[in-house]
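Colleague: Dropping in my_file17.txt, with compact mmCIF, C-alpha atoms.
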# COMPACT_ATOMS: atom_id res chain seq x y z
CA MET A 1 -186.57 113.24 -116.09
CA ASN A 2 -188.90 116.14 -116.86
CA PHE A 3 -190.81 115.68 -120.11
CA THR A 4 -193.59 117.07 -122.26
CA LYS A 5 -195.82 114.78 -124.27
CA MET A 6 -196.94 116.37 -127.55
CA GLU A 7 -198.75 115.28 -130.67
CA GLY A 8 -199.20 116.39 -134.25
CA CYS A 9 -202.13 114.69 -135.98
CA GLY A 10 -201.93 111.93 -133.37
CA ASN A 11 -198.23 111.25 -134.01
CA ASP A 12 -197.14 111.50 -130.37
CA TYR A 13 -193.66 111.82 -128.88
CA VAL A 14 -192.06 112.48 -125.54
CA TYR A 15 -190.05 115.74 -125.68
CA VAL A 16 -187.12 116.54 -123.41
CA ASP A 17 -185.25 119.83 -123.12
CA CYS A 18 -181.56 118.98 -123.47
CA THR A 19 -180.37 122.50 -124.25
CA LYS A 20 -178.58 122.72 -120.90
CA LYS A 21 -178.24 119.10 -119.75
CA PRO A 22 -177.66 116.02 -121.93
CA LEU A 23 -179.59 112.77 -121.59
CA ASN A 24 -177.62 109.56 -121.15
CA ASN A 25 -178.50 106.49 -123.23
CA PRO A 26 -181.43 108.05 -125.12
CA SER A 27 -182.04 104.86 -127.12
CA ALA A 28 -182.89 102.91 -123.98
CA VAL A 29 -184.91 105.83 -122.61
CA ALA A 30 -186.93 105.89 -125.84
CA VAL A 31 -187.92 102.27 -125.39
CA GLN A 32 -188.89 102.85 -121.76
CA VAL A 33 -190.98 105.99 -122.22
CA SER A 34 -192.72 104.71 -125.38
CA ASP A 35 -194.25 101.71 -123.59
CA ARG A 36 -197.95 102.43 -123.15
CA HIS A 37 -198.30 100.15 -120.10
CA PHE A 38 -195.08 100.70 -118.13
CA GLY A 39 -194.00 104.07 -119.51
CA ILE A 40 -195.66 107.22 -120.81
CA GLY A 41 -196.84 105.89 -124.15
CA SER A 42 -195.59 107.42 -127.41
CA ASP A 43 -194.25 106.77 -130.89
CA GLY A 44 -190.79 107.67 -129.62
CA LEU A 45 -188.53 110.22 -127.95
CA ILE A 46 -187.40 113.63 -129.23
CA LEU A 47 -184.59 115.63 -127.64
CA ILE A 48 -184.21 119.39 -128.15
CA LYS A 49 -180.52 120.23 -128.11
CA PRO A 50 -178.30 123.24 -128.85
CA SER A 51 -176.89 123.68 -132.35
CA ASP A 52 -174.01 125.66 -133.81
CA LYS A 53 -175.69 125.61 -137.25
CA ALA A 54 -179.30 126.49 -136.43
CA ASP A 55 -181.47 127.76 -133.59
CA PHE A 56 -181.93 124.21 -132.23
CA PHE A 57 -181.09 120.59 -132.98
CA MET A 58 -183.73 117.83 -133.00
CA GLU A 59 -182.59 114.33 -132.08
CA MET A 60 -185.20 111.61 -132.56
CA TYR A 61 -185.57 107.96 -131.50
CA ASN A 62 -188.27 105.50 -132.51
CA SER A 63 -190.18 103.41 -129.98
CA ASP A 64 -187.81 100.47 -130.59
CA GLY A 65 -184.79 102.62 -129.70
CA SER A 66 -183.51 103.07 -133.25
CA GLN A 67 -182.49 106.58 -134.23
CA ALA A 68 -184.39 108.34 -137.02
CA GLN A 69 -183.20 111.19 -139.19
CA MET A 70 -186.36 113.25 -139.44
CA CYS A 71 -190.02 113.49 -138.39
CA GLY A 72 -192.41 116.00 -139.91
CA ASN A 73 -195.00 115.89 -137.16
CA GLY A 74 -192.26 115.84 -134.54
CA ILE A 75 -190.47 118.92 -135.83
CA ARG A 76 -193.70 120.94 -135.75
CA CYS A 77 -194.02 120.11 -132.07
CA VAL A 78 -190.38 121.11 -131.54
CA GLY A 79 -191.34 124.54 -132.88
CA LYS A 80 -194.21 124.77 -130.41
CA PHE A 81 -192.06 123.48 -127.54
CA VAL A 82 -189.27 126.03 -127.91
CA TYR A 83 -191.64 128.97 -128.34
CA ASP A 84 -194.14 128.05 -125.63
CA LYS A 85 -191.31 127.26 -123.18
CA GLY A 86 -189.65 130.62 -123.82
CA LEU A 87 -186.50 129.12 -125.39
CA THR A 88 -187.02 131.55 -128.28
CA ALA A 89 -189.16 134.60 -128.97
CA LYS A 90 -188.88 134.22 -132.75
CA THR A 91 -191.76 132.98 -134.89
CA GLN A 92 -189.42 131.96 -137.70
CA ILE A 93 -186.81 129.47 -136.55
CA SER A 94 -184.35 126.94 -137.92
CA VAL A 95 -184.02 123.40 -136.60
CA ASP A 96 -181.09 121.18 -137.51
CA THR A 97 -181.75 117.44 -137.97
CA LEU A 98 -179.85 114.43 -139.28
CA ALA A 99 -181.66 115.18 -142.56
CA GLY A 100 -180.41 118.77 -142.65
CA ILE A 101 -181.70 122.15 -141.46
CA LYS A 102 -185.45 122.77 -141.68
CA TYR A 103 -187.11 126.18 -141.48
CA LEU A 104 -190.30 126.69 -139.47
CA ASP A 105 -192.96 129.41 -139.49
CA LEU A 106 -194.85 129.38 -136.19
CA ASN A 107 -198.51 130.43 -136.09
CA VAL A 108 -199.05 131.99 -132.65
CA VAL A 109 -202.51 132.54 -131.16
CA ASN A 110 -202.93 134.03 -127.65
CA GLY A 111 -199.24 133.55 -126.91
CA LYS A 112 -199.13 129.86 -127.87
CA VAL A 113 -198.18 128.09 -131.10
CA CYS A 114 -201.20 126.30 -132.60
CA SER A 115 -199.85 125.30 -136.00
CA VAL A 116 -196.55 125.25 -137.86
CA LYS A 117 -195.53 125.45 -141.51
CA VAL A 118 -192.27 123.66 -142.28
CA ASN A 119 -189.99 124.00 -145.28
CA MET A 120 -189.11 120.32 -145.64
CA GLY A 121 -186.53 120.87 -148.38
CA SER A 122 -186.31 119.00 -151.67
CA PRO A 123 -187.53 115.44 -152.19
CA VAL A 124 -184.83 112.90 -153.00
CA LEU A 125 -185.76 110.69 -155.95
CA GLU A 126 -182.45 108.99 -156.79
CA ALA A 127 -182.75 105.29 -155.95
CA GLU A 128 -179.30 104.93 -154.40
CA LYS A 129 -179.85 107.93 -152.13
CA ILE A 130 -183.25 106.81 -150.79
CA PRO A 131 -181.96 103.98 -150.65
CA VAL A 132 -183.84 101.33 -152.62
CA LYS A 133 -182.67 98.56 -154.92
CA ALA A 134 -184.52 99.31 -158.14
CA ALA A 135 -184.32 98.68 -161.87
CA LYS A 136 -184.56 102.39 -162.70
CA SER A 137 -184.24 105.79 -161.10
CA PRO A 138 -186.41 107.63 -160.20
CA VAL A 139 -188.45 104.74 -158.86
CA VAL A 140 -191.94 105.42 -160.18
CA ARG A 141 -194.56 102.65 -160.41
CA GLU A 142 -191.98 99.89 -160.02
CA ARG A 143 -193.34 96.46 -159.26
CA ILE A 144 -192.69 94.89 -155.88
CA THR A 145 -194.01 91.52 -154.71
CA VAL A 146 -195.03 91.24 -151.07
CA ALA A 147 -196.62 88.09 -149.63
CA GLY A 148 -197.28 86.83 -153.15
CA LYS A 149 -199.11 89.99 -154.25
CA ASP A 150 -197.80 92.50 -156.78
CA TYR A 151 -197.83 96.21 -155.95
CA GLU A 152 -196.58 99.27 -157.80
CA MET A 153 -194.43 101.50 -155.62
CA THR A 154 -193.03 105.00 -155.99
CA CYS A 155 -190.06 105.73 -153.73
CA VAL A 156 -189.11 109.08 -152.20
CA SER A 157 -186.80 110.19 -149.42
CA MET A 158 -187.71 113.17 -147.25
CA GLY A 159 -184.75 112.56 -144.96
CA ASN A 160 -185.90 108.97 -144.48
CA PRO A 161 -187.00 106.39 -147.08
CA HIS A 162 -190.63 106.03 -148.16
CA ALA A 163 -192.36 103.56 -150.45
CA VAL A 164 -195.76 104.82 -151.62
CA VAL A 165 -198.29 102.30 -152.91
CA TYR A 166 -201.91 102.81 -153.93
CA VAL A 167 -204.87 100.79 -152.69
CA ASP A 168 -208.59 100.81 -153.46
CA SER A 169 -209.47 101.36 -149.80
CA THR A 170 -207.30 102.19 -146.80
CA ASP A 171 -210.16 101.15 -144.50
CA ASP A 172 -209.97 97.52 -145.65
CA LEU A 173 -206.17 97.36 -145.46
CA LEU A 174 -204.67 94.70 -143.16
CA ILE A 175 -201.68 96.91 -142.44
CA GLU A 176 -200.40 94.85 -139.48
CA ALA A 177 -199.87 91.92 -141.84
CA VAL A 178 -198.40 93.66 -144.88
CA GLY A 179 -196.62 96.64 -143.26
CA PRO A 180 -193.73 94.71 -141.68
CA LEU A 181 -193.14 92.83 -144.95
CA PHE A 182 -192.63 96.11 -146.81
CA GLU A 183 -190.49 97.53 -144.00
CA LYS A 184 -188.05 94.60 -144.08
CA HIS A 185 -188.22 93.79 -147.81
CA GLU A 186 -184.88 93.02 -149.43
CA LYS A 187 -185.27 96.00 -151.78
CA PHE A 188 -184.75 98.38 -148.84
CA PRO A 189 -181.24 98.06 -147.36
CA GLU A 190 -182.11 100.48 -144.52
CA LYS A 191 -185.75 99.33 -144.23
CA THR A 192 -188.53 101.70 -145.27
CA ASN A 193 -191.62 103.56 -144.22
CA THR A 194 -194.62 102.54 -146.33
CA GLU A 195 -197.58 104.74 -147.23
CA PHE A 196 -200.77 103.05 -148.39
CA VAL A 197 -202.74 105.68 -150.29
CA GLU A 198 -206.33 105.97 -151.48
CA VAL A 199 -206.98 108.75 -154.01
CA ILE A 200 -210.17 110.67 -153.14
CA ASP A 201 -209.76 113.38 -155.79
CA ARG A 202 -206.99 115.49 -157.31
CA LYS A 203 -206.69 117.61 -154.17
CA THR A 204 -207.40 115.00 -151.49
CA LEU A 205 -205.48 111.84 -150.60
CA LYS A 206 -206.19 109.40 -147.78
CA MET A 207 -203.20 107.65 -146.22
CA ARG A 208 -202.23 105.04 -143.68
CA VAL A 209 -198.59 104.53 -142.78
CA TRP A 210 -196.38 101.76 -141.47
CA GLU A 211 -193.23 103.36 -140.06
CA ARG A 212 -189.96 101.50 -139.74
CA GLY A 213 -189.14 101.00 -136.09
CA ALA A 214 -192.58 102.13 -134.91
CA GLY A 215 -195.30 100.20 -136.78
CA GLU A 216 -198.57 101.87 -137.73
CA THR A 217 -198.84 105.43 -136.44
CA LEU A 218 -201.75 107.85 -136.64
CA ALA A 219 -199.75 110.19 -138.86
CA CYS A 220 -196.40 110.70 -140.56
CA GLY A 221 -195.37 114.14 -141.78
CA THR A 222 -192.52 113.04 -144.04
CA GLY A 223 -194.79 110.25 -145.30
CA ALA A 224 -197.47 112.80 -146.21
CA CYS A 225 -194.84 114.78 -148.11
CA ALA A 226 -193.67 111.64 -149.92
CA THR A 227 -197.28 110.78 -150.75
CA LEU A 228 -197.85 114.13 -152.44
CA VAL A 229 -194.61 113.85 -154.43
CA ALA A 230 -195.41 110.30 -155.54
CA SER A 231 -198.96 111.25 -156.49
CA VAL A 232 -197.78 114.20 -158.58
CA LEU A 233 -195.22 111.98 -160.33
CA ASN A 234 -197.98 109.48 -161.05
CA GLY A 235 -200.29 112.19 -162.40
CA LEU A 236 -202.87 111.60 -159.66
CA CYS A 237 -203.03 115.03 -158.02
CA GLU A 238 -202.05 118.68 -158.19
CA ASN A 239 -198.97 120.29 -156.61
CA GLU A 240 -200.99 121.00 -153.45
CA ALA A 241 -203.23 118.57 -151.61
CA THR A 242 -204.77 117.72 -148.27
CA ILE A 243 -203.47 114.42 -146.90
CA LYS A 244 -206.07 112.80 -144.65
CA LEU A 245 -204.43 110.71 -141.92
CA LEU A 246 -205.93 108.66 -139.12
CA GLY A 247 -205.03 111.44 -136.68
CA GLY A 248 -205.94 114.50 -138.75
CA ASP A 249 -205.16 116.44 -141.91
CA LEU A 250 -201.94 117.89 -143.28
CA LYS A 251 -201.63 120.40 -146.09
CA ILE A 252 -198.69 119.60 -148.38
CA THR A 253 -197.43 121.84 -151.18
CA TRP A 254 -194.71 121.12 -153.74
CA ASP A 255 -193.15 124.33 -155.06
CA ARG A 256 -191.95 122.86 -158.33
CA GLU A 257 -190.10 126.01 -159.40
CA ASN A 258 -187.80 125.88 -156.36
CA ASP A 259 -188.24 122.13 -155.75
CA LEU A 260 -189.29 122.62 -152.13
CA ILE A 261 -191.90 120.78 -150.09
CA PHE A 262 -193.96 122.69 -147.51
CA MET A 263 -195.96 120.94 -144.79
CA GLU A 264 -198.53 122.71 -142.62
CA GLY A 265 -200.40 121.23 -139.70
CA PRO A 266 -201.24 121.34 -135.99
CA ALA A 267 -199.00 120.92 -132.94
CA ARG A 268 -200.44 120.30 -129.49
CA THR A 269 -199.19 119.74 -125.95
CA VAL A 270 -200.92 116.75 -124.30
CA PHE A 271 -199.43 116.93 -120.82
CA GLU A 272 -196.22 117.49 -118.84
CA GLY A 273 -194.69 115.42 -116.06
CA THR A 274 -191.74 113.67 -114.49
CA ILE A 275 -190.74 110.05 -114.94
CA GLU A 276 -188.12 107.91 -113.23
CA ILE A 277 -185.80 106.39 -115.81
CA ASP A 278 -183.67 103.31 -115.38
Translate this file's structure into structure tokens.
Modeller:
Amino acid sequence: MNFTKMEGCGNDYVYVDCTKKPLNNPSAVAVQVSDRHFGIGSDGLILIKPSDKADFFMEMYNSDGSQAQMCGNGIRCVGKFVYDKGLTAKTQISVDTLAGIKYLDLNVVNGKVCSVKVNMGSPVLEAEKIPVKAAKSPVVRERITVAGKDYEMTCVSMGNPHAVVYVDSTDDLLIEAVGPLFEKHEKFPEKTNTEFVEVIDRKTLKMRVWERGAGETLACGTGACATLVASVLNGLCENEATIKLLGGDLKITWDRENDLIFMEGPARTVFEGTIEID
């Protein structure tokens, strides 16, 4: 199997061109290629496929083989992949996902895409659509008890569920202990991604993320979008902010008039190769 490993803010995936040839059993392949000792090493697998609704279709699998609906960092790299590989000559493209069609503006320098701005669509705030079991909707500053400690969470879906909680310091956070407990909490019937956020100022937020099916990752694009939305709803920041992640920075903007979220950040090819798959 020919592949390209790419990353956006350290959120790395294995990308495979399936526009002409399908890949059998992608869930099992995702587990194999994600292993950092016996495979390539990644947060998961992303397939680029043809679409009758958009320019391309993005199909994504987490490192545990579970299928995900959407990935903000991943879709930026899809934009770079299809342009750099000559699958399109357009710098404005549409990519269909299980979370709907997203629209990408590609920033090209010296014939290669270096960054991508994505129209991520509207945030979903209705509890039953996220989904989350909550006393009220939207779910803003609702109490949740994890490992005997009370937190206040704000829940948002950007194509996948997110629970945003605020902490005094992300550096001191024992995310490996608390992250899985949020992910599998009974309030989240489809599990959840959890963003632990430290407010630096009204235009800067620092975030660590525990992703369902993947654990802690260096970045999460949809999580950064959810973090901005939650922070605006909690009166903690403006409609535009820089989200500082372990792997880099993302610029997130909430166009309140049109209720659209825009995410802008880097996309980079790490290396290309061939792997034998079982």
Colleague: CA of Glu216 in chain A and CA of Ile243 in chain A are how many Å apart?
Modeller: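 One can read the CA of Glu216 in chain A to CA of Ile243 in chain A distance as 16.3 Å.
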Colleague: Would you list the residues near (-180.4, 105.2, -131.1), meaning any protein, DNA or RNA residue with an atom at most 9 Å from that point in file coordinates, counting all atoms listed in the file, as a list in words?
Modeller: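 Looking at atoms near the point gives Asn25, Pro26, Ser27, Ala28, Ala30, Met60, Tyr61, Asn62, Asp64, Gly65, Ser66, Gln67 and Ala68 of chain A.
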Colleague: Please produce, as a Markdown table, a per-residue contact table for range 12-75 of chain A versus range 108-132 of chain A (criterion: any atom at most 12 Å away, all atoms listed in the file considered), showing the nearest atom pair and its distance in Å to one decimal, sorted by chain then residue number.
Modeller:
| residue | atom | partner | partner_atom | distance |
| --- | --- | --- | --- | --- |
| A:Met70 | CA | A:Met120 | CA | 9.8 |
| A:Cys71 | CA | A:Met120 | CA | 10.0 |
| A:Gly72 | CA | A:Met120 | CA | 7.9 |
| A:Asn73 | CA | A:Val116 | CA | 9.5 |
| A:Gly74 | CA | A:Val116 | CA | 10.9 |
| A:Ile75 | CA | A:Val118 | CA | 8.2 |
Colleague: Using only C-alpha atoms, which of A:Glu186, A:Phe57, A:Ala214, A:Ile46 sits nearest Ile144 in chain A?
Modeller: A:Glu186
Colleague: Neighbours of Asn2 in chain A within 10 Å (all atoms listed in the file; same-chain residues fewer than 5 positions away dropped), as a PyMOL selection string?
Modeller: chain A and resi 14-17+272-276
Colleague: Report, in Å with one decimal, the straight-line distance from CA of Lys20 in chain A to CA of Ile48 in chain A.
Modeller: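 Distance reported for this atom pair: 9.8 Å.
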Colleague: My list of candidates is A:Cys225, A:Val232, A:Val270, A:Val178. Which is closest to Thr145 in chain A when distances are computed with only C-alpha atoms?
Modeller: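 For Thr145 in chain A, the nearest of the candidates is A:Val178.
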Colleague: Which is closer to Lys133 in chain A than all the others in A:Trp254, A:Phe188, A:Phe38, A:Tyr13, using all atoms listed in the file?
Modeller: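 Closest residue, counting all atoms listed in the file: A:Phe188.
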Colleague: Could you please determine the separation between CA of Ser231 in chain A and CA of Thr192 in chain A in Å, to one decimal place?
Modeller: 18.1 Å
Colleague: Measuring atom to atom with all atoms listed in the file, identify which of A:Glu198, A:Asp43, A:Glu152, A:Glu190 is nearest to Ser169 in chain A.
Modeller: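 The closest residue to Ser169 in chain A is A:Glu198.
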